[in-house]
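Undergrad: Structure file protein-v5.cif, mmCIF, C-alpha atoms, is pasted below:
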```cif
data_structure
#
loop_
_atom_site.label_atom_id
_atom_site.label_comp_id
_atom_site.auth_asym_id
_atom_site.auth_seq_id
_atom_site.Cartn_x
_atom_site.Cartn_y
_atom_site.Cartn_z
CA MET A 264 -5.24 54.41 21.23
CA ARG A 265 -8.86 55.24 22.01
CA LEU A 266 -10.69 53.40 24.74
CA ASN A 267 -13.41 52.04 22.44
CA GLU A 268 -10.71 50.58 20.16
CA TYR A 269 -8.99 48.90 23.10
CA LEU A 270 -12.26 47.45 24.39
CA MET A 271 -12.96 45.78 21.06
CA SER A 272 -10.19 43.27 21.76
CA PRO A 273 -7.89 44.23 24.66
CA CYS A 274 -5.35 41.43 24.24
CA SER A 275 -4.86 41.85 20.50
CA LYS A 276 -4.94 45.65 20.45
CA SER A 277 -2.25 46.22 23.07
CA SER A 278 0.56 44.31 24.74
CA ILE A 279 -0.12 46.17 28.00
CA PRO A 280 -3.24 47.26 29.94
CA TYR A 281 -4.93 50.43 28.73
CA TRP A 282 -3.91 52.58 31.70
CA LYS A 283 -0.22 51.99 30.89
CA ILE A 284 -0.44 52.95 27.23
CA ASN A 285 -0.02 56.67 27.85
CA THR A 286 2.36 56.31 30.80
CA ILE A 287 5.07 54.08 29.33
CA ASN A 288 7.57 55.28 26.74
CA ILE A 289 9.00 52.50 24.59
CA PRO A 290 12.79 52.91 24.22
CA ALA A 291 14.17 53.54 20.76
CA ASP A 292 16.02 50.21 20.78
CA MET A 293 12.86 48.22 21.54
CA LYS A 294 10.12 47.03 19.22
CA ILE A 295 6.84 45.39 20.31
CA VAL A 296 4.73 43.58 17.73
CA HIS A 297 1.78 41.19 17.80
CA ASN A 298 2.39 37.69 16.54
CA ASP A 299 0.23 38.43 13.49
CA ASP A 300 2.80 41.03 12.41
CA PHE A 301 5.90 39.09 13.39
CA ASN A 302 8.23 37.39 10.93
CA ASP A 303 11.63 35.70 11.07
CA SER A 304 13.41 38.68 9.53
CA PHE A 305 13.20 40.45 12.90
CA PHE A 306 15.75 37.99 14.32
CA THR A 307 18.53 39.56 12.27
CA GLU A 308 18.29 42.83 14.21
CA TYR A 309 16.56 41.97 17.49
CA HIS A 310 16.59 39.59 20.43
CA ASP A 311 13.05 38.36 20.96
CA GLU A 312 11.05 37.53 24.10
CA SER A 313 7.50 36.25 23.61
CA TYR A 314 4.63 37.02 25.99
CA PHE A 315 1.10 35.65 26.10
CA ARG A 316 -1.84 37.89 26.94
CA LEU A 317 -5.12 36.32 28.09
CA ILE A 318 -8.59 37.55 29.06
CA HIS A 319 -11.21 36.39 31.57
CA TYR A 320 -14.85 37.47 31.40
CA LEU A 321 -15.39 36.96 35.13
CA ASN A 322 -18.03 34.28 34.94
CA ASN A 323 -18.25 30.81 36.49
CA ILE A 324 -15.43 31.36 38.98
CA ASP A 325 -14.88 28.53 41.45
CA ASN A 326 -13.37 30.09 44.57
CA LYS A 327 -13.07 27.10 46.88
CA ILE A 328 -10.37 27.35 49.52
CA VAL A 329 -7.62 24.71 49.45
CA ASN A 330 -7.69 22.60 52.62
CA GLY A 331 -4.97 23.60 55.06
CA PHE A 332 -4.59 27.15 53.75
CA SER A 333 -6.29 30.50 54.25
CA VAL A 334 -6.36 33.81 52.38
CA LYS A 335 -5.90 37.24 53.96
CA THR A 336 -6.11 40.72 52.46
CA ALA A 337 -2.64 42.26 52.58
CA ASP A 338 -1.90 45.85 53.54
CA VAL A 339 1.14 48.07 53.27
CA THR A 340 2.62 46.61 56.46
CA ASP A 341 2.77 43.24 54.67
CA ILE A 342 4.83 44.46 51.73
CA HIS A 343 8.06 43.10 53.20
CA LEU A 344 6.43 39.64 53.13
CA ILE A 345 5.38 40.10 49.50
CA VAL A 346 8.91 41.14 48.53
CA GLU A 347 10.30 38.07 50.29
CA ILE A 348 7.87 35.70 48.54
CA ILE A 349 8.52 37.17 45.10
CA ASN A 350 12.29 36.96 45.51
CA LYS A 351 12.13 33.36 46.76
CA SER A 352 9.90 32.43 43.82
CA TYR A 353 12.31 33.48 41.07
CA THR A 354 15.87 32.61 40.16
CA ASP A 355 16.19 35.20 37.39
CA LEU A 356 14.82 38.39 38.97
CA SER A 357 14.46 40.20 42.26
CA VAL A 358 12.42 43.12 43.57
CA ASN A 359 12.83 45.50 46.48
CA TYR A 360 10.48 47.28 48.86
CA ASP A 361 10.44 50.53 46.87
CA GLN A 362 9.43 48.72 43.69
CA ILE A 363 6.46 47.01 45.29
CA ILE A 364 5.32 50.01 47.35
CA SER A 365 5.25 52.00 44.10
CA TYR A 366 2.29 49.86 42.99
CA THR A 367 0.23 51.46 45.76
CA LYS A 368 0.84 54.91 44.23
CA THR A 369 -0.71 54.14 40.83
CA PRO A 370 -4.26 55.16 39.80
CA VAL A 371 -5.22 51.47 39.48
CA TYR A 372 -4.24 50.45 43.02
CA ASP A 373 -7.02 48.58 44.84
CA GLU A 374 -6.18 47.50 48.39
CA ASN A 375 -8.70 44.64 48.19
CA LEU A 376 -6.69 43.06 45.36
CA TRP A 377 -3.54 42.40 47.41
CA ILE A 378 -3.68 39.01 49.12
CA LEU A 379 -1.52 36.58 51.08
CA VAL A 380 -1.92 32.82 51.44
CA TYR A 381 -1.14 31.26 54.82
CA GLU A 382 -0.52 27.64 55.72
CA SER A 383 -2.95 27.02 58.57
CA LYS A 384 -0.73 24.56 60.46
CA THR A 385 2.37 26.77 60.59
CA ASN A 386 0.81 30.21 59.98
CA HIS A 387 3.59 30.79 57.43
CA VAL A 388 2.96 32.93 54.37
CA VAL A 389 3.42 30.68 51.33
CA GLY A 390 2.03 32.74 48.45
CA CYS A 391 0.84 36.15 47.38
CA GLY A 392 -1.15 37.90 44.68
CA ILE A 393 -1.34 41.49 43.46
CA ALA A 394 -3.91 42.78 41.00
CA ASP A 395 -5.04 46.20 39.78
CA PHE A 396 -8.41 47.68 38.87
CA ASP A 397 -8.85 50.31 36.17
CA SER A 398 -12.13 52.07 36.96
CA GLU A 399 -12.20 53.85 33.59
CA VAL A 400 -11.92 50.65 31.55
CA LYS A 401 -13.57 48.37 34.16
CA GLU A 402 -10.57 46.08 33.76
CA GLY A 403 -8.97 43.89 36.40
CA ILE A 404 -5.27 43.23 35.82
CA LEU A 405 -3.28 40.41 37.43
CA GLU A 406 0.27 41.56 38.15
CA TRP A 407 2.07 39.22 40.58
CA ILE A 408 1.00 35.65 41.35
CA GLN A 409 3.59 33.78 43.42
CA VAL A 410 3.75 30.50 45.35
CA LEU A 411 6.91 29.45 47.16
CA PRO A 412 8.65 26.63 45.26
CA GLU A 413 8.22 24.07 48.06
CA TYR A 414 4.42 24.64 48.06
CA ARG A 415 3.83 24.31 44.32
CA GLY A 416 1.68 21.50 42.98
CA ARG A 417 -1.04 22.05 45.60
CA LYS A 418 -3.29 24.27 43.44
CA LEU A 419 -2.33 27.37 45.42
CA GLY A 420 -1.63 29.31 42.21
CA GLN A 421 -5.19 28.61 41.11
CA LEU A 422 -6.42 29.58 44.56
CA ILE A 423 -4.72 32.98 44.36
CA VAL A 424 -5.94 33.69 40.82
CA LYS A 425 -9.54 32.70 41.59
CA GLN A 426 -9.61 34.67 44.85
CA LEU A 427 -8.48 37.79 42.98
CA LEU A 428 -11.00 37.27 40.19
CA CYS A 429 -13.82 36.94 42.74
CA ARG A 430 -12.78 40.26 44.28
CA MET A 431 -13.05 42.05 40.91
CA ASN A 432 -16.79 42.59 41.29
CA LYS A 433 -16.59 46.07 39.74
CA ALA A 434 -14.75 44.87 36.63
CA ASN A 435 -16.19 43.70 33.30
CA PHE A 436 -13.16 41.59 32.45
CA ALA A 437 -9.65 40.74 33.62
CA THR A 438 -6.36 40.37 31.76
CA VAL A 439 -3.02 38.76 32.47
CA SER A 440 0.27 38.35 30.65
CA GLY A 441 3.49 36.43 31.12
CA LYS A 442 6.51 34.94 29.42
CA VAL A 443 5.70 32.15 26.99
CA ASP A 444 8.83 30.17 27.92
CA ASN A 445 8.49 30.49 31.71
CA LEU A 446 9.55 27.12 33.15
CA THR A 447 6.77 27.22 35.77
CA ASN A 448 4.20 27.45 32.94
CA PRO A 449 1.89 30.07 34.49
CA GLU A 450 -0.23 30.11 31.33
CA ARG A 451 -1.48 26.63 32.21
CA VAL A 452 -2.64 27.89 35.62
CA TYR A 453 -4.45 30.88 34.14
CA ARG A 454 -6.25 28.75 31.58
CA LYS A 455 -7.37 26.34 34.30
CA CYS A 456 -8.88 29.37 36.03
CA GLY A 457 -10.91 30.34 32.95
CA PHE A 458 -8.62 32.70 31.04
CA VAL A 459 -8.86 32.37 27.26
CA GLY A 460 -7.19 33.72 24.12
CA ASN A 461 -4.28 33.10 21.77
CA ASP A 462 -2.58 36.49 21.60
CA ILE A 463 1.21 36.51 21.63
CA TRP A 464 3.31 39.68 21.76
CA HIS A 465 6.98 39.86 20.85
CA VAL A 466 9.13 42.25 22.89
CA MET A 467 12.31 42.73 20.89
CA HIS A 468 15.55 44.44 21.91
CA LYS A 469 17.98 45.73 19.32
CA LYS A 470 21.16 43.71 18.85
CA TYR A 471 24.44 45.62 19.19
#
```
Do you think you could lay out the structure here as structure tokens?
TA:
Amino acid sequence: MRLNEYLMSPCSKSSIPYWKINTINIPADMKIVHNDDFNDSFFTEYHDESYFRLIHYLNNIDNKIVNGFSVKTADVTDIHLIVEIINKSYTDLSVNYDQIISYTKTPVYDENLWILVYESKTNHVVGCGIADFDSEVKEGILEWIQVLPEYRGRKLGQLIVKQLLCRMNKANFATVSGKVDNLTNPERVYRKCGFVGNDIWHVMHKKY
């Protein structure tokens, strides 16, 4: 895919950010289609997982801090904390140090787009955010947005998203994706932060 084609409509042209298009090989037993091209006949051969993909044009961002919490830029020495937060935030997946450190080796790594949220009273880390910046496309990409389960409902997810968006001052737009059926409903958080769009992608694995 050419860059100018992608930029016409990033979320409908590709299920993944532009920089990944030429670096990821889709397995032979996997099919990825936009919702416009999806039909029920696919269910006979494939298991389907649906993902939303949204865009933000980086305007009118409210970056107020939530009372009782602070935000710090993370560095590589904080990766063990990020791994811990991610693993405590999910019941259906886990990551390790090598997986997260690998993000710092990509061409879209931006050290300013790795953040931690601290509770001021206890100085405990209660959330984290990781985003990328593609300098060729001028695209910011949200990757990991996590808040510990016991701290949810305090608008900390919105805090992390908005803080990252405000740090994307070199980008023209930002994108994010996630599972449609995620029980924590991250799409609702992203839309509250100004993300828009209705693009759904179906990631289908062959039945055996």
Undergrad: A:Ser440, A:Ser277, A:Thr307, A:Ser365: which is nearest Tyr453 of chain A, counting all atoms listed in the file?
TA: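 Closest to Tyr453 of chain A, using all atoms listed in the file: A:Ser440.
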Undergrad: Starting from the PyMOL selection byres ((chain A and resi 429) around 12), expand the selection into actual residues of this file and give them as a PyMOL selection string.
TA: chain A and resi 319-327+375-376+394+403+422-428+430-437+456
Undergrad: Would you list the contacts of segment 347-360 of chain A as a PDB file with C-alpha atoms, in the coordinates of the input, taking every protein, DNA or RNA residue within 10 Å and counting only C-alpha atoms, but skipping same-chain residues closer than 5 positions in sequence?
TA:
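The file below, selection-v4.pdb, is the result:
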```pdb
ATOM      1  CA  ILE A 342       4.830  44.460  51.730  1.00  0.00           C
ATOM      2  CA  SER A 365       5.250  52.000  44.100  1.00  0.00           C
ATOM      3  CA  LEU A 379      -1.520  36.580  51.080  1.00  0.00           C
ATOM      4  CA  VAL A 388       2.960  32.930  54.370  1.00  0.00           C
ATOM      5  CA  VAL A 389       3.420  30.680  51.330  1.00  0.00           C
ATOM      6  CA  GLY A 390       2.030  32.740  48.450  1.00  0.00           C
ATOM      7  CA  CYS A 391       0.840  36.150  47.380  1.00  0.00           C
ATOM      8  CA  GLY A 392      -1.150  37.900  44.680  1.00  0.00           C
ATOM      9  CA  TRP A 407       2.070  39.220  40.580  1.00  0.00           C
ATOM     10  CA  ILE A 408       1.000  35.650  41.350  1.00  0.00           C
ATOM     11  CA  GLN A 409       3.590  33.780  43.420  1.00  0.00           C
ATOM     12  CA  VAL A 410       3.750  30.500  45.350  1.00  0.00           C
ATOM     13  CA  LEU A 411       6.910  29.450  47.160  1.00  0.00           C
ATOM     14  CA  PRO A 412       8.650  26.630  45.260  1.00  0.00           C
ATOM     15  CA  GLU A 413       8.220  24.070  48.060  1.00  0.00           C
ATOM     16  CA  THR A 447       6.770  27.220  35.770  1.00  0.00           C
TER      17      THR A 447
END
```
Undergrad: Within 9 Å of (-12.5, 51.5, 31.4) (coordinates as in the file), grab all the protein and nucleic acid residues, counting all atoms listed in the file, and write them out as a list of chain:residue names.
TA: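 Neighbouring residues, ordered by chain and number, come to A:Leu266, A:Leu270, A:Tyr281, A:Trp282, A:Asp397, A:Ser398, A:Glu399, A:Val400, A:Lys401, A:Glu402, A:Ala434, A:Asn435.
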Undergrad: Skipping near chain neighbours, those fewer than 4 positions away, what residues fall within 9 Å of Val339 of chain A using all atoms listed in the file, listed as a PyMOL selection string?
TA: chain A and resi 343+364+367+374
Undergrad: Nearest to Glu450 of chain A among A:Ile404, A:Leu317, A:Tyr381, A:Tyr366, with distances taken over all atoms listed in the file: which residue is it?
TA: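 Residue with the minimum atom-to-atom distance to Glu450 of chain A: A:Leu317.
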Undergrad: Which residues are close to Val452 of chain A, i.e. within 9 Å by only C-alpha atoms, leaving aside same-chain residues fewer than 6 positions away? Reply as an MDAnalysis selection string.
TA: chainID A and resid 418 420:421 424 458
Undergrad: Atoms to include: C-alpha atoms. Write the selected residues as a short mmCIF file (atom, residue, chain, number, x, y, z; two decimals), keeping the file's coordinate frame.
TA:
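File result.cif, as written:
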```
data_model
loop_
_atom_site.label_atom_id
_atom_site.label_comp_id
_atom_site.auth_asym_id
_atom_site.auth_seq_id
_atom_site.Cartn_x
_atom_site.Cartn_y
_atom_site.Cartn_z
CA LYS A 418 -3.29 24.27 43.44
CA GLY A 420 -1.63 29.31 42.21
CA GLN A 421 -5.19 28.61 41.11
CA VAL A 424 -5.94 33.69 40.82
CA PHE A 458 -8.62 32.70 31.04
#
```
Undergrad: Please, what distance in Å, to one decimal, runs between atom CA of Met293 of chain A and atom CA of Asn267 of chain A?
TA: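 Computing the Euclidean distance for atom CA of Met293 of chain A and atom CA of Asn267 of chain A yields 26.6 Å.
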Undergrad: Counting only C-alpha atoms, figure out which residue out of A:Glu382, A:Asp299, A:Glu308, A:Asp292 gets nearest to Trp464 of chain A.
TA: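 So, comparing all the options, the nearest one is A:Asp299.
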Undergrad: Can you tell me how far atom CA of Val380 of chain A sits from atom CA of Arg316 of chain A, in Å to one decimal?
TA: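 Separation between atom CA of Val380 of chain A and atom CA of Arg316 of chain A: 25.0 Å.
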Undergrad: Build an axis-aligned box that encloses every atom of segment 299-313 of chain A listed in the file, pad it by 8 Å on each side, and report its centre and edge lengths in Å to one decimal, as JSON.
TA:
```
{"center_x": 9.4, "center_y": 39.3, "center_z": 16.8, "size_x": 34.3, "size_y": 23.1, "size_z": 30.6}
```
Undergrad: Could you tell me how far atom CA of Phe301 of chain A sits from atom CA of Lys276 of chain A, in Å to one decimal place?
TA: 14.5 Å
Undergrad: Pull out every residue that the PyMOL selection byres ((chain A and resi 313) around 7) matches in the shown coordinates and put them as a PyMOL selection string.
TA: chain A and resi 311-312+314-315+442-443+463-466
Undergrad: Which is closest to His310 of chain A among A:Cys274, A:Ile295, A:Val459, A:Gly331, if we use all atoms listed in the file?
TA: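 For His310 of chain A, the nearest of the given residues is A:Ile295.
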Undergrad: Considering all atoms listed in the file, can you say which of A:His387, A:Gly457, A:Arg451, A:Thr438 comes closest to Tyr414 of chain A?
TA: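 Of A:His387, A:Gly457, A:Arg451, A:Thr438, the one nearest Tyr414 of chain A, counting all atoms listed in the file, is A:His387.
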Undergrad: Point out the residue among A:Thr340, A:Asn448, A:Tyr471, A:Leu405 with the least atom-to-atom distance to Ile279 of chain A, counting all atoms listed in the file.
TA: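 Of A:Thr340, A:Asn448, A:Tyr471, A:Leu405, the one nearest Ile279 of chain A is A:Leu405, counting all atoms listed in the file.
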Undergrad: Got a sec to write segment 394-407 of chain A of the block to a file, all heavy atoms, as a tab-separated table (two decimals), in the first residue's frame?
TA:
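Here's the written file out_13.tsv:
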```
chain	number	residue	atom	x	y	z
A	394	ALA	N	2.79	4.62	23.64
A	394	ALA	CA	2.38	5.01	22.30
A	394	ALA	C	3.61	5.11	21.40
A	394	ALA	O	4.75	5.22	21.88
A	394	ALA	CB	1.63	6.34	22.31
A	395	ASP	N	3.38	5.07	20.10
A	395	ASP	CA	4.44	5.17	19.10
A	395	ASP	C	4.26	6.45	18.28
A	395	ASP	O	3.18	7.05	18.26
A	395	ASP	CB	4.39	3.98	18.14
A	395	ASP	CG	4.63	2.65	18.82
A	395	ASP	OD1	5.45	2.61	19.77
A	395	ASP	OD2	4.01	1.66	18.42
A	396	PHE	N	5.33	6.83	17.57
A	396	PHE	CA	5.23	7.94	16.62
A	396	PHE	C	5.95	7.56	15.34
A	396	PHE	O	7.13	7.25	15.35
A	396	PHE	CB	5.84	9.22	17.19
A	396	PHE	CG	5.90	10.33	16.18
A	396	PHE	CD1	4.74	10.89	15.67
A	396	PHE	CD2	7.13	10.79	15.70
A	396	PHE	CE1	4.79	11.89	14.72
A	396	PHE	CE2	7.19	11.80	14.75
A	396	PHE	CZ	6.02	12.36	14.25
A	397	ASP	N	5.21	7.57	14.24
A	397	ASP	CA	5.75	7.28	12.92
A	397	ASP	C	6.07	8.62	12.25
A	397	ASP	O	5.17	9.34	11.83
A	397	ASP	CB	4.74	6.50	12.09
A	397	ASP	CG	5.28	6.07	10.73
A	397	ASP	OD1	6.24	6.70	10.24
A	397	ASP	OD2	4.73	5.11	10.16
A	398	SER	N	7.36	8.94	12.16
A	398	SER	CA	7.77	10.24	11.63
A	398	SER	C	7.52	10.36	10.13
A	398	SER	O	7.35	11.48	9.62
A	398	SER	CB	9.25	10.50	11.93
A	398	SER	OG	10.06	9.48	11.35
A	399	GLU	N	7.48	9.24	9.41
A	399	GLU	CA	7.20	9.28	7.98
A	399	GLU	C	5.74	9.64	7.72
A	399	GLU	O	5.42	10.46	6.86
A	399	GLU	CB	7.51	7.93	7.33
A	399	GLU	CG	7.19	7.90	5.83
A	399	GLU	CD	7.37	6.52	5.21
A	399	GLU	OE1	7.53	5.54	5.96
A	399	GLU	OE2	7.34	6.43	3.97
A	400	VAL	N	4.84	9.05	8.48
A	400	VAL	CA	3.41	9.24	8.28
A	400	VAL	C	2.88	10.40	9.11
A	400	VAL	O	1.82	10.94	8.82
A	400	VAL	CB	2.65	7.94	8.65
A	400	VAL	CG1	1.16	8.06	8.41
A	400	VAL	CG2	3.21	6.76	7.86
A	401	LYS	N	3.65	10.81	10.13
A	401	LYS	CA	3.20	11.79	11.12
A	401	LYS	C	1.97	11.25	11.88
A	401	LYS	O	1.00	11.96	12.10
A	401	LYS	CB	2.88	13.14	10.46
A	401	LYS	CG	4.06	13.80	9.78
A	401	LYS	CD	5.13	14.20	10.79
A	401	LYS	CE	6.23	15.02	10.17
A	401	LYS	NZ	7.08	14.25	9.22
A	402	GLU	N	2.09	9.97	12.26
A	402	GLU	CA	0.99	9.29	12.94
A	402	GLU	C	1.42	8.89	14.35
A	402	GLU	O	2.48	8.28	14.55
A	402	GLU	CB	0.60	8.03	12.17
A	402	GLU	CG	-0.46	7.18	12.84
A	402	GLU	CD	-0.80	5.92	12.05
A	402	GLU	OE1	-0.09	5.61	11.07
A	402	GLU	OE2	-1.78	5.24	12.42
A	403	GLY	N	0.59	9.24	15.32
A	403	GLY	CA	0.75	8.72	16.67
A	403	GLY	C	-0.09	7.46	16.81
A	403	GLY	O	-1.19	7.39	16.25
A	404	ILE	N	0.40	6.48	17.55
A	404	ILE	CA	-0.28	5.19	17.64
A	404	ILE	C	-0.33	4.76	19.11
A	404	ILE	O	0.71	4.52	19.73
A	404	ILE	CB	0.46	4.10	16.83
A	404	ILE	CG1	0.66	4.55	15.38
A	404	ILE	CG2	-0.28	2.78	16.89
A	404	ILE	CD1	1.96	4.12	14.76
A	405	LEU	N	-1.53	4.67	19.66
A	405	LEU	CA	-1.67	4.16	21.03
A	405	LEU	C	-1.54	2.65	21.01
A	405	LEU	O	-2.20	1.96	20.23
A	405	LEU	CB	-3.03	4.55	21.61
A	405	LEU	CG	-3.33	6.04	21.75
A	405	LEU	CD1	-4.63	6.24	22.52
A	405	LEU	CD2	-2.20	6.79	22.44
A	406	GLU	N	-0.71	2.12	21.89
A	406	GLU	CA	-0.46	0.68	21.94
A	406	GLU	C	-1.02	0.05	23.22
A	406	GLU	O	-1.85	-0.84	23.17
A	406	GLU	CB	1.03	0.39	21.81
A	406	GLU	CG	1.59	0.62	20.41
A	406	GLU	CD	1.16	-0.45	19.41
A	406	GLU	OE1	0.50	-1.43	19.82
A	406	GLU	OE2	1.46	-0.29	18.23
A	407	TRP	N	-0.52	0.46	24.37
A	407	TRP	CA	-0.96	-0.10	25.65
A	407	TRP	C	-1.49	1.02	26.54
A	407	TRP	O	-0.79	1.99	26.81
A	407	TRP	CB	0.20	-0.79	26.37
A	407	TRP	CG	0.73	-2.02	25.70
A	407	TRP	CD1	1.80	-2.08	24.84
A	407	TRP	CD2	0.23	-3.35	25.82
A	407	TRP	NE1	1.99	-3.37	24.42
A	407	TRP	CE2	1.03	-4.17	25.00
A	407	TRP	CE3	-0.82	-3.92	26.53
A	407	TRP	CZ2	0.83	-5.54	24.89
A	407	TRP	CZ3	-1.04	-5.28	26.42
A	407	TRP	CH2	-0.21	-6.07	25.61
```
